[in-house]
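So this one's data-v3.cif, mmCIF, N, CA and C atoms:
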data_final
loop_
_atom_site.group_PDB
_atom_site.id
_atom_site.type_symbol
_atom_site.label_atom_id
_atom_site.label_comp_id
_atom_site.auth_asym_id
_atom_site.auth_seq_id
_atom_site.Cartn_x
_atom_site.Cartn_y
_atom_site.Cartn_z
ATOM 1 N N THR Q 1 45.600 -9.497 -5.417
ATOM 2 C CA THR Q 1 44.630 -8.745 -6.165
ATOM 3 C C THR Q 1 43.930 -9.685 -7.121
ATOM 4 N N THR Q 2 42.621 -9.567 -7.211
ATOM 5 C CA THR Q 2 41.847 -10.331 -8.177
ATOM 6 C C THR Q 2 41.304 -9.372 -9.214
ATOM 7 N N LEU Q 3 41.563 -9.661 -10.470
ATOM 8 C CA LEU Q 3 41.044 -8.845 -11.562
ATOM 9 C C LEU Q 3 39.841 -9.544 -12.163
ATOM 10 N N THR Q 4 38.771 -8.800 -12.347
ATOM 11 C CA THR Q 4 37.580 -9.360 -12.971
ATOM 12 C C THR Q 4 37.139 -8.448 -14.108
ATOM 13 N N SER Q 5 36.423 -9.009 -15.027
ATOM 14 C CA SER Q 5 35.954 -8.205 -16.152
ATOM 15 C C SER Q 5 34.543 -7.718 -15.900
ATOM 16 N N HIS Q 6 34.174 -6.701 -16.628
ATOM 17 C CA HIS Q 6 32.795 -6.208 -16.598
ATOM 18 C C HIS Q 6 32.296 -6.235 -18.035
ATOM 19 N N SER Q 7 31.121 -6.769 -18.223
ATOM 20 C CA SER Q 7 30.550 -6.836 -19.557
ATOM 21 C C SER Q 7 29.075 -6.477 -19.483
ATOM 22 N N ALA Q 8 28.620 -5.657 -20.418
ATOM 23 C CA ALA Q 8 27.221 -5.254 -20.436
ATOM 24 C C ALA Q 8 26.391 -6.124 -21.378
ATOM 25 N N GLY Q 9 26.995 -7.147 -21.925
ATOM 26 C CA GLY Q 9 26.274 -8.002 -22.862
ATOM 27 C C GLY Q 9 26.833 -9.405 -22.846
ATOM 28 N N PRO Q 10 26.298 -10.269 -23.676
ATOM 29 C CA PRO Q 10 26.793 -11.645 -23.745
ATOM 30 C C PRO Q 10 28.278 -11.668 -24.134
ATOM 31 N N THR Q 11 29.085 -12.300 -23.324
ATOM 32 C CA THR Q 11 30.525 -12.344 -23.552
ATOM 33 C C THR Q 11 31.029 -13.747 -23.243
ATOM 34 N N THR Q 12 31.906 -14.231 -24.093
ATOM 35 C CA THR Q 12 32.486 -15.553 -23.856
ATOM 36 C C THR Q 12 33.816 -15.414 -23.127
ATOM 37 N N ALA Q 13 34.263 -16.494 -22.546
ATOM 38 C CA ALA Q 13 35.571 -16.503 -21.872
ATOM 39 C C ALA Q 13 36.679 -16.145 -22.857
ATOM 40 N N THR Q 14 36.525 -16.555 -24.106
ATOM 41 C CA THR Q 14 37.522 -16.240 -25.134
ATOM 42 C C THR Q 14 37.586 -14.729 -25.373
ATOM 43 N N ASP Q 15 36.430 -14.067 -25.416
ATOM 44 C CA ASP Q 15 36.395 -12.608 -25.596
ATOM 45 C C ASP Q 15 37.094 -11.898 -24.440
ATOM 46 N N ILE Q 16 36.781 -12.323 -23.232
ATOM 47 C CA ILE Q 16 37.368 -11.706 -22.042
ATOM 48 C C ILE Q 16 38.884 -11.893 -22.035
ATOM 49 N N THR Q 17 39.330 -13.099 -22.353
ATOM 50 C CA THR Q 17 40.768 -13.397 -22.366
ATOM 51 C C THR Q 17 41.490 -12.537 -23.393
ATOM 52 N N ALA Q 18 40.911 -12.401 -24.574
ATOM 53 C CA ALA Q 18 41.541 -11.595 -25.630
ATOM 54 C C ALA Q 18 41.628 -10.128 -25.217
ATOM 55 N N ASP Q 19 40.536 -9.574 -24.663
ATOM 56 C CA ASP Q 19 40.546 -8.174 -24.225
ATOM 57 C C ASP Q 19 41.550 -7.956 -23.100
ATOM 58 N N PHE Q 20 41.607 -8.890 -22.150
ATOM 59 C CA PHE Q 20 42.548 -8.760 -21.037
ATOM 60 C C PHE Q 20 43.986 -8.805 -21.545
ATOM 61 N N HIS Q 21 44.277 -9.737 -22.432
ATOM 62 C CA HIS Q 21 45.636 -9.872 -22.978
ATOM 63 C C HIS Q 21 46.060 -8.583 -23.688
ATOM 64 N N THR Q 22 45.168 -8.036 -24.479
ATOM 65 C CA THR Q 22 45.474 -6.797 -25.193
ATOM 66 C C THR Q 22 45.726 -5.649 -24.219
ATOM 67 N N ALA Q 23 44.860 -5.518 -23.213
ATOM 68 C CA ALA Q 23 45.024 -4.451 -22.226
ATOM 69 C C ALA Q 23 46.319 -4.622 -21.440
ATOM 70 N N TRP Q 24 46.629 -5.831 -21.029
ATOM 71 C CA TRP Q 24 47.853 -6.107 -20.262
ATOM 72 C C TRP Q 24 49.087 -5.744 -21.078
ATOM 73 N N HIS Q 25 49.102 -6.157 -22.339
ATOM 74 C CA HIS Q 25 50.237 -5.856 -23.214
ATOM 75 C C HIS Q 25 50.387 -4.339 -23.393
ATOM 76 N N THR Q 26 49.267 -3.646 -23.598
ATOM 77 C CA THR Q 26 49.307 -2.198 -23.786
ATOM 78 C C THR Q 26 49.845 -1.501 -22.548
ATOM 79 N N LEU Q 27 49.416 -1.917 -21.364
ATOM 80 C CA LEU Q 27 49.925 -1.337 -20.119
ATOM 81 C C LEU Q 27 51.431 -1.530 -19.992
ATOM 82 N N HIS Q 28 51.920 -2.672 -20.401
ATOM 83 C CA HIS Q 28 53.355 -2.953 -20.315
ATOM 84 C C HIS Q 28 54.175 -2.117 -21.288
ATOM 85 N N THR Q 29 53.535 -1.520 -22.293
ATOM 86 C CA THR Q 29 54.249 -0.625 -23.204
ATOM 87 C C THR Q 29 54.207 0.817 -22.703
ATOM 88 N N GLY Q 30 53.518 1.030 -21.566
ATOM 89 C CA GLY Q 30 53.435 2.361 -20.983
ATOM 90 C C GLY Q 30 52.259 3.186 -21.459
ATOM 91 N N GLU Q 31 51.339 2.574 -22.180
ATOM 92 C CA GLU Q 31 50.170 3.286 -22.676
ATOM 93 C C GLU Q 31 48.914 2.807 -21.956
ATOM 94 N N LEU Q 32 47.832 3.552 -22.114
ATOM 95 C CA LEU Q 32 46.547 3.141 -21.551
ATOM 96 C C LEU Q 32 45.792 2.305 -22.580
ATOM 97 N N PRO Q 33 45.138 1.249 -22.140
ATOM 98 C CA PRO Q 33 44.345 0.431 -23.054
ATOM 99 C C PRO Q 33 43.222 1.244 -23.705
ATOM 100 N N SER Q 34 42.814 0.846 -24.891
ATOM 101 C CA SER Q 34 41.767 1.570 -25.610
ATOM 102 C C SER Q 34 40.431 1.536 -24.877
ATOM 103 N N LEU Q 35 40.215 0.543 -24.018
ATOM 104 C CA LEU Q 35 38.950 0.433 -23.291
ATOM 105 C C LEU Q 35 38.982 1.157 -21.942
ATOM 106 N N THR Q 36 40.001 1.978 -21.702
ATOM 107 C CA THR Q 36 40.123 2.704 -20.447
ATOM 108 C C THR Q 36 38.989 3.716 -20.296
ATOM 109 N N VAL Q 37 38.406 3.777 -19.106
ATOM 110 C CA VAL Q 37 37.383 4.764 -18.810
ATOM 111 C C VAL Q 37 38.084 6.025 -18.331
ATOM 112 N N HIS Q 38 37.801 7.131 -18.973
ATOM 113 C CA HIS Q 38 38.420 8.416 -18.624
ATOM 114 C C HIS Q 38 37.429 9.196 -17.747
ATOM 115 N N THR Q 39 37.597 9.088 -16.433
ATOM 116 C CA THR Q 39 36.651 9.694 -15.501
ATOM 117 C C THR Q 39 36.645 11.226 -15.586
ATOM 118 N N ALA Q 40 37.716 11.842 -16.045
ATOM 119 C CA ALA Q 40 37.767 13.303 -16.146
ATOM 120 C C ALA Q 40 36.789 13.834 -17.182
ATOM 121 N N THR Q 41 36.335 12.991 -18.101
ATOM 122 C CA THR Q 41 35.401 13.434 -19.126
ATOM 123 C C THR Q 41 33.952 13.322 -18.662
ATOM 124 N N GLY Q 42 33.737 12.880 -17.448
ATOM 125 C CA GLY Q 42 32.396 12.871 -16.890
ATOM 126 C C GLY Q 42 31.683 11.532 -16.913
ATOM 127 N N TYR Q 43 32.373 10.473 -17.257
ATOM 128 C CA TYR Q 43 31.739 9.155 -17.194
ATOM 129 C C TYR Q 43 32.729 8.091 -16.838
#
The structure in this file should be written as structure tokens.
Amino acid sequence: TTLTSHSAGPTTATDITADFHTAWHTLHTGELPSLTVHTATGY
């Protein structure tokens, strides 16, 4: 599996790495990352 980021604006590799690390850690605690898209809400 290859994981890639999506960004709607100028983003540095450092920004992407920090967001990924935070999301990965949050998933390992059994929670959803704060940047999770909730499709049930219509978007």
Original post:
How far is it from atom CA of Ala23 of chain Q to atom CA of Pro10 of chain Q, in Å with one decimal?
Top reply: 19.7 Å
Original post:
Hey, can you check how far atom C of Thr26 of chain Q sits from atom C of Thr2 of chain Q?
Top reply: 17.7 Å
**OP:** Just the residues within 12 Å of segment 30-39 of chain Q, please, counting only C-alpha atoms, with nothing from its chain fewer than 5 positions along; format it as a PyMOL selection string.
**Re:** chain Q and resi 5-7+19-25
Could you write out the selected residues, including N, CA and C atoms, as a CSV table (one decimal), in the coordinates of the input?
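What ended up in result09.csv:
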chain,number,residue,atom,x,y,z
Q,5,SER,N,36.4,-9.0,-15.0
Q,5,SER,CA,36.0,-8.2,-16.2
Q,5,SER,C,34.5,-7.7,-15.9
Q,6,HIS,N,34.2,-6.7,-16.6
Q,6,HIS,CA,32.8,-6.2,-16.6
Q,6,HIS,C,32.3,-6.2,-18.0
Q,7,SER,N,31.1,-6.8,-18.2
Q,7,SER,CA,30.6,-6.8,-19.6
Q,7,SER,C,29.1,-6.5,-19.5
Q,19,ASP,N,40.5,-9.6,-24.7
Q,19,ASP,CA,40.5,-8.2,-24.2
Q,19,ASP,C,41.6,-8.0,-23.1
Q,20,PHE,N,41.6,-8.9,-22.2
Q,20,PHE,CA,42.5,-8.8,-21.0
Q,20,PHE,C,44.0,-8.8,-21.5
Q,21,HIS,N,44.3,-9.7,-22.4
Q,21,HIS,CA,45.6,-9.9,-23.0
Q,21,HIS,C,46.1,-8.6,-23.7
Q,22,THR,N,45.2,-8.0,-24.5
Q,22,THR,CA,45.5,-6.8,-25.2
Q,22,THR,C,45.7,-5.6,-24.2
Q,23,ALA,N,44.9,-5.5,-23.2
Q,23,ALA,CA,45.0,-4.5,-22.2
Q,23,ALA,C,46.3,-4.6,-21.4
Q,24,TRP,N,46.6,-5.8,-21.0
Q,24,TRP,CA,47.9,-6.1,-20.3
Q,24,TRP,C,49.1,-5.7,-21.1
Q,25,HIS,N,49.1,-6.2,-22.3
Q,25,HIS,CA,50.2,-5.9,-23.2
Q,25,HIS,C,50.4,-4.3,-23.4
So that all listed atoms of segment 33-36 of chain Q fit with 5 Å spare on each side, what axis-aligned box centre and edge lengths in Å, to one decimal, would you give as lines of an AutoDock Vina configuration file?
center_x = 42.0
center_y = 2.1
center_z = -23.0
size_x = 16.2
size_y = 13.3
size_z = 15.3
**OP:** Using atom CA of Ile16 of chain Q and atom C of Thr4 of chain Q as the two end points, give the distance in Å to one decimal.
**Re:** 8.6 Å
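DSSP annotation of chain Q from backbone atoms: helix (DSSP H, G or I) residues are Ala13, Thr14, Asp15, Ile16, Thr17, Ala18, Asp19, Phe20, His21, Thr22, Ala23, Trp24, His25, Thr26, Leu27, His28, Thr39, Ala40 and Thr41 of chain Q.
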Please complete segment 8-19 of chain Q with all heavy atoms and give it back as a JSON list (two decimals), keeping the file's coordinate frame.
[["chain", "number", "residue", "atom", "x", "y", "z"],
["Q", 8, "ALA", "N", 28.62, -5.66, -20.42],
["Q", 8, "ALA", "CA", 27.22, -5.25, -20.44],
["Q", 8, "ALA", "C", 26.39, -6.12, -21.38],
["Q", 8, "ALA", "O", 25.23, -5.87, -21.59],
["Q", 8, "ALA", "CB", 27.12, -3.80, -20.85],
["Q", 9, "GLY", "N", 27.00, -7.15, -21.92],
["Q", 9, "GLY", "CA", 26.27, -8.00, -22.86],
["Q", 9, "GLY", "C", 26.83, -9.40, -22.85],
["Q", 9, "GLY", "O", 27.75, -9.71, -22.09],
["Q", 10, "PRO", "N", 26.30, -10.27, -23.68],
["Q", 10, "PRO", "CA", 26.79, -11.64, -23.74],
["Q", 10, "PRO", "C", 28.28, -11.67, -24.13],
["Q", 10, "PRO", "O", 28.66, -11.06, -25.13],
["Q", 10, "PRO", "CB", 25.95, -12.29, -24.84],
["Q", 10, "PRO", "CG", 24.76, -11.40, -25.00],
["Q", 10, "PRO", "CD", 25.21, -10.03, -24.61],
["Q", 11, "THR", "N", 29.08, -12.30, -23.32],
["Q", 11, "THR", "CA", 30.52, -12.34, -23.55],
["Q", 11, "THR", "C", 31.03, -13.75, -23.24],
["Q", 11, "THR", "O", 30.65, -14.33, -22.24],
["Q", 11, "THR", "CB", 31.25, -11.33, -22.64],
["Q", 11, "THR", "OG1", 30.66, -10.05, -22.81],
["Q", 11, "THR", "CG2", 32.71, -11.23, -22.95],
["Q", 12, "THR", "N", 31.91, -14.23, -24.09],
["Q", 12, "THR", "CA", 32.49, -15.55, -23.86],
["Q", 12, "THR", "C", 33.82, -15.41, -23.13],
["Q", 12, "THR", "O", 34.42, -14.34, -23.12],
["Q", 12, "THR", "CB", 32.73, -16.29, -25.19],
["Q", 12, "THR", "OG1", 33.75, -15.59, -25.92],
["Q", 12, "THR", "CG2", 31.46, -16.39, -26.02],
["Q", 13, "ALA", "N", 34.26, -16.49, -22.55],
["Q", 13, "ALA", "CA", 35.57, -16.50, -21.87],
["Q", 13, "ALA", "C", 36.68, -16.14, -22.86],
["Q", 13, "ALA", "O", 37.65, -15.47, -22.50],
["Q", 13, "ALA", "CB", 35.83, -17.86, -21.24],
["Q", 14, "THR", "N", 36.52, -16.56, -24.11],
["Q", 14, "THR", "CA", 37.52, -16.24, -25.13],
["Q", 14, "THR", "C", 37.59, -14.73, -25.37],
["Q", 14, "THR", "O", 38.67, -14.16, -25.50],
["Q", 14, "THR", "CB", 37.18, -16.97, -26.45],
["Q", 14, "THR", "OG1", 37.13, -18.37, -26.19],
["Q", 14, "THR", "CG2", 38.20, -16.69, -27.52],
["Q", 15, "ASP", "N", 36.43, -14.07, -25.42],
["Q", 15, "ASP", "CA", 36.40, -12.61, -25.60],
["Q", 15, "ASP", "C", 37.09, -11.90, -24.44],
["Q", 15, "ASP", "O", 37.89, -10.97, -24.64],
["Q", 15, "ASP", "CB", 34.96, -12.10, -25.67],
["Q", 15, "ASP", "CG", 34.20, -12.60, -26.89],
["Q", 15, "ASP", "OD1", 34.85, -12.93, -27.91],
["Q", 15, "ASP", "OD2", 32.96, -12.66, -26.81],
["Q", 16, "ILE", "N", 36.78, -12.32, -23.23],
["Q", 16, "ILE", "CA", 37.37, -11.71, -22.04],
["Q", 16, "ILE", "C", 38.88, -11.89, -22.04],
["Q", 16, "ILE", "O", 39.64, -10.96, -21.77],
["Q", 16, "ILE", "CB", 36.74, -12.30, -20.76],
["Q", 16, "ILE", "CG1", 35.27, -11.92, -20.68],
["Q", 16, "ILE", "CG2", 37.49, -11.84, -19.51],
["Q", 16, "ILE", "CD1", 34.50, -12.69, -19.63],
["Q", 17, "THR", "N", 39.33, -13.10, -22.35],
["Q", 17, "THR", "CA", 40.77, -13.40, -22.37],
["Q", 17, "THR", "C", 41.49, -12.54, -23.39],
["Q", 17, "THR", "O", 42.55, -11.98, -23.12],
["Q", 17, "THR", "CB", 41.00, -14.89, -22.65],
["Q", 17, "THR", "OG1", 40.32, -15.65, -21.65],
["Q", 17, "THR", "CG2", 42.47, -15.24, -22.64],
["Q", 18, "ALA", "N", 40.91, -12.40, -24.57],
["Q", 18, "ALA", "CA", 41.54, -11.60, -25.63],
["Q", 18, "ALA", "C", 41.63, -10.13, -25.22],
["Q", 18, "ALA", "O", 42.67, -9.48, -25.40],
["Q", 18, "ALA", "CB", 40.76, -11.74, -26.93],
["Q", 19, "ASP", "N", 40.54, -9.57, -24.66],
["Q", 19, "ASP", "CA", 40.55, -8.17, -24.22],
["Q", 19, "ASP", "C", 41.55, -7.96, -23.10],
["Q", 19, "ASP", "O", 42.27, -6.95, -23.08],
["Q", 19, "ASP", "CB", 39.15, -7.74, -23.75],
["Q", 19, "ASP", "CG", 38.18, -7.55, -24.90],
["Q", 19, "ASP", "OD1", 38.61, -7.50, -26.07],
["Q", 19, "ASP", "OD2", 36.96, -7.47, -24.61]]
